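Asker: Sending over run.cif (mmCIF, C-alpha atoms).
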data_structure
#
loop_
_atom_site.label_atom_id
_atom_site.label_comp_id
_atom_site.auth_asym_id
_atom_site.auth_seq_id
_atom_site.Cartn_x
_atom_site.Cartn_y
_atom_site.Cartn_z
CA MET P 1 141.87 -32.62 132.24
CA SER P 2 140.97 -33.85 128.77
CA VAL P 3 143.53 -35.29 126.39
CA GLY P 4 143.08 -32.25 124.13
CA SER P 5 143.74 -29.90 127.03
CA ARG P 6 146.76 -31.88 128.12
CA CYS P 7 148.24 -31.65 124.67
CA LEU P 8 148.01 -27.87 124.84
CA LEU P 9 150.64 -28.18 127.56
CA LEU P 10 153.06 -29.89 125.19
CA ALA P 11 155.30 -26.90 124.55
CA ALA P 12 155.52 -26.02 128.21
CA MET P 13 156.15 -29.66 129.12
CA VAL P 14 159.00 -29.99 126.63
CA SER P 15 160.57 -26.81 127.96
CA PHE P 16 160.17 -28.08 131.51
CA PHE P 17 161.83 -31.40 130.70
CA SER P 18 164.67 -29.66 128.90
CA LEU P 19 165.43 -27.63 132.01
CA THR P 20 165.18 -30.63 134.33
CA ILE P 21 166.89 -33.46 132.46
CA LYS P 22 170.66 -33.32 132.12
CA GLY P 23 173.16 -35.52 130.33
CA GLU P 24 174.07 -36.69 126.88
CA ASP P 25 170.76 -38.51 126.33
CA GLU P 26 168.73 -35.39 127.21
CA ILE P 27 167.29 -35.04 123.70
CA THR P 28 166.27 -38.69 123.52
CA TYR P 29 164.25 -38.42 126.72
CA GLU P 30 162.77 -35.15 125.56
CA GLN P 31 161.86 -36.59 122.17
CA LEU P 32 160.18 -39.61 123.72
CA VAL P 33 158.04 -37.40 125.92
CA GLN P 34 157.14 -35.21 122.96
CA GLN P 35 156.27 -38.24 120.82
CA GLY P 36 154.07 -39.53 123.62
CA MET P 37 152.20 -36.25 123.88
CA GLU P 38 151.73 -36.11 120.12
CA ALA P 39 150.43 -39.69 120.15
CA LEU P 40 147.93 -38.68 122.84
CA GLU P 41 146.74 -35.84 120.66
CA LYS P 42 146.07 -38.37 117.91
CA ASP P 43 144.37 -40.78 120.35
CA SER P 44 147.12 -43.33 119.70
CA LEU P 45 146.99 -44.55 123.28
CA GLN P 46 149.22 -47.62 123.02
CA GLU P 47 151.91 -45.64 121.23
CA ALA P 48 151.72 -42.86 123.82
CA GLU P 49 152.06 -45.27 126.73
CA LEU P 50 155.04 -46.97 125.08
CA CYS P 51 156.77 -43.63 124.52
CA PHE P 52 156.26 -42.59 128.13
CA ARG P 53 157.53 -45.93 129.44
CA ASN P 54 160.57 -45.76 127.18
CA ALA P 55 161.27 -42.26 128.44
CA MET P 56 161.15 -43.45 132.04
CA HIS P 57 163.42 -46.34 131.15
CA LYS P 58 165.96 -43.77 129.98
CA ARG P 59 165.64 -41.76 133.18
CA PRO P 60 164.06 -43.95 135.89
CA SER P 61 165.07 -41.56 138.68
CA SER P 62 163.79 -38.38 137.06
CA ASN P 63 161.83 -36.27 139.53
CA VAL P 64 159.32 -35.39 136.82
CA ASN P 65 158.30 -38.96 136.00
CA TYR P 66 155.24 -38.49 138.20
CA LEU P 67 153.73 -36.60 135.27
CA LEU P 68 154.30 -39.55 132.96
CA PHE P 69 152.72 -41.93 135.46
CA ARG P 70 149.73 -39.59 135.53
CA TYR P 71 149.37 -39.71 131.76
CA ILE P 72 149.83 -43.47 131.71
CA GLY P 73 147.12 -43.79 134.37
CA GLN P 74 144.75 -41.70 132.29
CA ILE P 75 145.47 -43.87 129.25
CA GLN P 76 144.81 -47.02 131.27
CA GLU P 77 141.51 -45.59 132.51
CA ARG P 78 140.39 -44.89 128.97
CA GLN P 79 141.21 -48.48 128.07
CA GLY P 80 139.26 -49.89 131.01
CA ARG P 81 142.39 -50.97 132.90
CA ASP P 82 141.24 -49.48 136.18
CA ASP P 83 143.44 -51.49 138.56
CA GLU P 84 146.53 -50.63 136.55
CA ALA P 85 145.50 -46.98 136.46
CA LEU P 86 145.20 -46.90 140.24
CA GLN P 87 148.70 -48.37 140.48
CA SER P 88 150.07 -45.75 138.10
CA TYR P 89 148.49 -42.88 140.03
CA THR P 90 149.82 -44.32 143.29
CA ILE P 91 153.36 -44.63 141.91
CA GLY P 92 153.12 -41.05 140.68
CA LEU P 93 152.06 -39.91 144.16
CA ASN P 94 154.91 -41.84 145.71
CA ILE P 95 157.26 -39.76 143.55
CA LYS P 96 155.46 -36.48 144.29
CA PRO P 97 153.12 -36.80 147.28
CA ASP P 98 151.91 -33.21 147.03
CA CYS P 99 150.60 -33.44 143.45
CA SER P 100 146.94 -32.53 143.85
CA GLU P 101 146.18 -33.33 140.20
CA LEU P 102 147.22 -36.94 140.76
CA MET P 103 145.17 -37.04 143.97
CA LEU P 104 142.11 -35.84 142.10
CA ASP P 105 142.63 -38.35 139.28
CA ARG P 106 142.96 -41.22 141.74
CA ALA P 107 140.03 -39.98 143.86
CA ALA P 108 137.78 -39.82 140.79
CA LEU P 109 138.74 -43.36 139.83
CA TYR P 110 138.18 -44.60 143.38
CA TYR P 111 134.72 -43.00 143.24
CA ARG P 112 133.92 -44.50 139.86
CA THR P 113 134.92 -47.97 141.04
CA GLY P 114 132.89 -47.78 144.24
CA GLN P 115 135.80 -47.21 146.64
CA GLU P 116 134.21 -44.17 148.19
CA GLU P 117 136.09 -44.12 151.51
CA LYS P 118 139.40 -44.04 149.66
CA ALA P 119 138.06 -41.30 147.41
CA ILE P 120 137.17 -39.20 150.46
CA ILE P 121 140.71 -39.62 151.80
CA ASP P 122 142.21 -38.37 148.53
CA TYR P 123 139.81 -35.43 148.30
CA THR P 124 140.62 -34.55 151.92
CA ASP P 125 144.36 -34.69 151.19
CA ALA P 126 143.85 -32.42 148.19
CA LEU P 127 141.96 -29.95 150.38
CA GLU P 128 144.75 -29.98 152.94
CA LEU P 129 147.03 -28.80 150.14
CA ASP P 130 144.50 -26.21 148.95
CA SER P 131 141.33 -25.54 150.94
CA ARG P 132 139.92 -23.66 147.93
CA ASN P 133 140.05 -26.65 145.58
CA THR P 134 136.51 -26.55 144.20
CA GLU P 135 136.58 -30.00 142.59
CA ALA P 136 137.61 -31.63 145.86
CA LEU P 137 135.04 -29.64 147.85
CA PHE P 138 132.19 -30.58 145.52
CA MET P 139 133.06 -34.27 145.28
CA ARG P 140 133.66 -34.67 149.01
CA ALA P 141 130.32 -32.96 149.71
CA HIS P 142 128.64 -35.33 147.26
CA LEU P 143 130.23 -38.36 148.90
CA TYR P 144 129.34 -37.19 152.39
CA ARG P 145 125.74 -36.71 151.25
CA ARG P 146 125.67 -40.26 149.86
CA LYS P 147 126.87 -41.49 153.25
CA ARG P 148 124.17 -39.41 154.97
CA GLU P 149 126.83 -37.41 156.78
CA TYR P 150 124.76 -34.33 156.19
CA LYS P 151 126.56 -31.90 158.50
CA LEU P 152 129.89 -32.56 156.81
CA ALA P 153 128.32 -32.35 153.37
CA ARG P 154 126.68 -29.03 154.23
CA VAL P 155 130.00 -27.55 155.37
CA ASP P 156 131.61 -28.45 152.03
CA TYR P 157 128.72 -27.22 149.88
CA GLU P 158 128.58 -23.94 151.77
CA SER P 159 132.37 -23.51 151.56
CA LEU P 160 132.18 -24.07 147.82
CA LEU P 161 129.33 -21.58 147.42
CA ARG P 162 131.31 -18.94 149.31
CA LEU P 163 134.05 -19.41 146.73
CA GLU P 164 131.68 -19.66 143.75
CA PRO P 165 128.23 -18.23 144.59
CA ASP P 166 126.90 -19.12 141.13
CA ASN P 167 128.08 -22.75 141.13
CA GLU P 168 124.96 -24.52 139.88
CA ASN P 169 126.13 -28.00 140.85
CA ALA P 170 126.82 -26.94 144.42
CA MET P 171 123.44 -25.22 144.67
CA LEU P 172 121.73 -28.32 143.33
CA GLY P 173 123.68 -30.51 145.74
CA LEU P 174 122.47 -28.37 148.63
CA VAL P 175 118.89 -28.69 147.36
CA LEU P 176 119.13 -32.47 147.39
CA LEU P 177 120.83 -32.43 150.77
CA ASN P 178 118.06 -30.34 152.31
CA ASP P 179 115.39 -32.52 150.73
CA GLU P 180 116.98 -35.64 152.22
CA ASN P 181 117.74 -34.00 155.58
CA SER P 182 114.20 -33.06 156.59
CA ARG P 183 114.21 -29.53 155.21
CA PRO P 184 111.55 -30.00 152.52
CA GLN P 185 110.33 -26.41 152.29
CA GLU P 186 113.84 -24.99 152.15
CA ALA P 187 114.72 -27.50 149.44
CA MET P 188 111.65 -26.60 147.37
CA ASP P 189 112.32 -22.89 147.71
CA GLN P 190 115.89 -23.44 146.56
CA ILE P 191 114.98 -25.52 143.51
CA ASN P 192 112.38 -22.94 142.51
CA ALA P 193 115.03 -20.22 142.77
CA LEU P 194 117.46 -22.32 140.73
CA ILE P 195 114.94 -22.76 137.95
CA GLN P 196 114.39 -19.01 137.90
CA LEU P 197 118.13 -18.55 137.51
CA TYR P 198 118.52 -21.26 134.86
CA PRO P 199 115.11 -21.68 133.18
CA SER P 200 116.58 -23.49 130.16
CA HIS P 201 118.35 -26.23 132.16
CA ALA P 202 116.22 -29.32 131.69
CA MET P 203 117.79 -31.33 134.51
CA LEU P 204 116.47 -28.89 137.10
CA TYR P 205 112.89 -29.63 136.06
CA VAL P 206 113.51 -33.36 136.47
CA VAL P 207 114.93 -32.79 139.92
CA ARG P 208 111.95 -30.67 140.93
CA GLY P 209 109.64 -33.25 139.40
CA GLY P 210 111.25 -35.94 141.53
CA MET P 211 110.78 -33.82 144.63
CA GLU P 212 107.13 -33.25 143.74
CA GLN P 213 106.68 -36.97 143.09
CA LYS P 214 108.09 -37.68 146.55
CA ARG P 215 105.45 -35.32 147.95
CA LYS P 216 102.74 -37.08 145.88
CA GLN P 217 102.16 -33.91 143.86
CA TYR P 218 101.86 -36.01 140.75
CA GLU P 219 100.40 -33.51 138.30
CA LEU P 220 103.06 -30.93 139.14
CA ALA P 221 105.72 -33.60 138.78
CA LEU P 222 104.33 -34.69 135.41
CA HIS P 223 104.36 -31.12 134.14
CA ASP P 224 108.00 -30.65 135.15
CA MET P 225 109.22 -33.94 133.72
CA THR P 226 107.36 -33.40 130.47
CA THR P 227 108.89 -29.92 130.25
CA ALA P 228 112.36 -31.44 130.64
CA ILE P 229 111.67 -34.01 127.91
CA GLU P 230 110.46 -31.30 125.56
CA MET P 231 113.71 -29.42 126.19
CA ASP P 232 115.92 -32.49 125.74
CA PRO P 233 114.00 -35.26 123.95
CA ARG P 234 117.10 -37.45 123.46
CA ASN P 235 117.86 -37.87 127.16
CA ALA P 236 117.06 -41.46 128.14
CA ASP P 237 117.22 -40.71 131.87
CA PHE P 238 114.36 -38.24 131.61
CA TYR P 239 112.07 -40.90 130.15
CA VAL P 240 113.09 -43.30 132.91
CA SER P 241 112.17 -40.69 135.51
CA ARG P 242 108.79 -40.06 133.92
CA ALA P 243 108.17 -43.81 133.62
CA THR P 244 108.62 -44.19 137.39
CA LEU P 245 106.21 -41.31 137.89
CA TYR P 246 103.62 -42.90 135.64
CA LEU P 247 103.93 -46.10 137.65
CA ASP P 248 103.22 -44.15 140.85
CA MET P 249 100.21 -42.66 139.06
CA ARG P 250 99.07 -46.18 138.07
CA ARG P 251 99.38 -45.35 134.37
CA LYS P 252 101.32 -48.42 133.36
CA LYS P 253 100.70 -48.13 129.63
CA LEU P 254 102.33 -44.69 129.53
CA ALA P 255 105.13 -45.96 131.77
CA LYS P 256 105.79 -48.76 129.29
CA GLN P 257 105.91 -46.30 126.39
CA ASP P 258 108.48 -44.16 128.18
CA ALA P 259 110.52 -47.23 129.13
CA GLN P 260 110.60 -48.35 125.50
CA THR P 261 111.68 -44.88 124.41
CA ALA P 262 114.41 -44.89 127.05
CA VAL P 263 115.71 -48.22 125.73
CA SER P 264 115.75 -46.87 122.18
CA LEU P 265 117.91 -44.01 123.47
CA GLY P 266 120.38 -46.30 125.22
CA ALA P 267 118.86 -47.25 128.57
CA ASP P 268 119.45 -50.78 129.81
CA ALA P 269 116.63 -53.03 128.56
CA LYS P 270 116.86 -55.39 131.55
CA GLU P 271 116.58 -52.51 134.00
CA MET P 272 113.54 -51.19 132.17
CA ALA P 273 111.91 -54.62 132.16
CA SER P 274 112.54 -54.89 135.89
CA LEU P 275 111.06 -51.46 136.44
CA LEU P 276 107.80 -52.48 134.77
CA ARG P 277 107.30 -55.72 136.68
#
Can I see the file as structure tokens?
Answerer:
Amino acid sequence: MSVGSRCLLLAAMVSFFSLTIKGEDEITYEQLVQQGMEALEKDSLQEAELCFRNAMHKRPSSNVNYLLFRYIGQIQERQGRDDEALQSYTIGLNIKPDCSELMLDRAALYYRTGQEEKAIIDYTDALELDSRNTEALFMRAHLYRRKREYKLARVDYESLLRLEPDNENAMLGLVLLNDENSRPQEAMDQINALIQLYPSHAMLYVVRGGMEQKRKQYELALHDMTTAIEMDPRNADFYVSRATLYLDMRRKKLAKQDAQTAVSLGADAKEMASLLR
């Protein structure tokens, strides 16, 4: 959930705290939480974290402090303090082990930091709480596919598509899964159908171009990748993809031009230099 979205919960949160916190310092705790949420809304991250910590200092045994640890973890993530964020999410889960939102936050951070097995555990725990959790289904399918556990990935993608038949990401994940799992014709039929459904989505043309490149259908791949670039000319990744295609086509000059364009749009210069060696 974005900071802006979280702040929309401010009124409900304040009401919730007022019902939960008792005692003569009730208002002080409530005010600290409210000040923290307002600081988040203004992107004053240090101030928000301080307010939340001060609130927990007032009421260290509050059964709703798991929410504050969640917000602190999100602040720490935004500041690049990933280890601290993981600790905050874990403390929050120790307070409320059945909080799926905290599980998803921690799982996403585990994934981002390369701790994929731990991410799978958290996504699995979230699905045990709610088998219809679409975020957990999609991410676990993606992680299973990365591990080449194709049967498990397929089960999750198909479960997600039964819940959301028009979920483009799940459909695309199944395309990639089939292409990797020796179902090339099925994968190509699926990507063609996806492009018919979403003809203005540039990424789909890049994906199909990559599949065509893999099949050495270079002219078809070039047409698709060029189409994607025409749709989204500021996307550095698209130029990188076409540069690799040009290299396969032994058109190094054009590959170099695309690599230079990618760098100008934010791609890593060292990676592009390595690509052209």
Asker: Between P:Leu163, P:Val263, P:Met188, P:Ala170, single out the one closest to P:Phe138, counting all atoms listed in the file.
Answerer: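 So, comparing all the options, the nearest one is P:Ala170.
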Asker: Interatomic distance between atom CA of P:Ser88 and atom CA of P:Leu50?
Answerer: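 Separating atom CA of P:Ser88 from atom CA of P:Leu50 is a distance of 14.0 Å.
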Asker: Considering only C-alpha atoms, can you say which of P:Tyr110, P:Arg208, P:Leu222, P:Arg146 comes closest to P:Asp83?
Answerer: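 Closest to P:Asp83, using only C-alpha atoms: P:Tyr110.
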Asker: Could you list, as a PyMOL selection string, every residue matched by the PyMOL selection byres ((chain P and resi 175) around 9) in this structure?
Answerer: chain P and resi 170-174+176-180+186-191
Asker: Between atom CA of P:Asn235 and atom CA of P:Arg140, what is the distance in Å, rounded to a tenth?
Answerer: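 Taking atom CA of P:Asn235 and atom CA of P:Arg140, their separation equals 27.2 Å.
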Asker: Please return, as a tab-separated table (two decimals) with C-alpha atoms, keeping the file's coordinate frame, all polymer residues that have at least one atom within 7 Å of the point (116.5, -34.9, 133.4); use all atoms listed in the file and the file's own coordinate frame.
Answerer:
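Wrote result_5.tsv, looks like this:
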chain	number	residue	atom	x	y	z
P	202	ALA	CA	116.22	-29.32	131.69
P	203	MET	CA	117.79	-31.33	134.51
P	205	TYR	CA	112.89	-29.63	136.06
P	206	VAL	CA	113.51	-33.36	136.47
P	228	ALA	CA	112.36	-31.44	130.64
P	237	ASP	CA	117.22	-40.71	131.87
P	238	PHE	CA	114.36	-38.24	131.61
Asker: Check what the PyMOL selection byres ((chain P and resi 257) around 12) selects in the file above and give those residues as a ChimeraX atom specification.
Answerer: /P:239-240,242-244,246-247,251-256,258-264,272-273,276
Asker: Can you list, as a VMD selection string, every protein, DNA or RNA residue that comes within 8 Å of P:Asn65 when you count only C-alpha atoms, leaving out same-chain residues fewer than 5 positions away?
Answerer: chain P and resid 56 60 92 95
Asker: Could those selected residues go to a file with C-alpha atoms, as a CSV table (one decimal), keeping the file's coordinate frame?
Answerer:
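The resulting file, result_20.csv, is reproduced below:
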chain,number,residue,atom,x,y,z
P,56,MET,CA,161.2,-43.4,132.0
P,60,PRO,CA,164.1,-44.0,135.9
P,92,GLY,CA,153.1,-41.0,140.7
P,95,ILE,CA,157.3,-39.8,143.6
Asker: Provide the atom CA of P:Asp248 to atom CA of P:Pro233 distance in Å, to one decimal place.
Answerer: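 Here the two named atoms are 21.9 Å from each other.
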Asker: If we count all atoms listed in the file and set the cut-off at 8 Å, which residues sit around stretch 73-75 of chain P, ignoring sequence neighbours fewer than 5 positions away in its own chain? Please answer as number ranges by chain.
Answerer: P: 45, 49, 84-89
Asker: Translate the PyMOL selection byres ((chain P and resi 158) around 12), as applied to the file shown, into an explicit residue set as number ranges by chain.
Answerer: P: 132, 134, 137-138, 141, 150-157, 159-167, 169-175, 177
Asker: Just checking: using all atoms listed in the file, which residue out of P:Arg234, P:Lys42, P:Lys214, P:Arg106 ends up closest to P:Ile121?
Answerer: P:Arg106
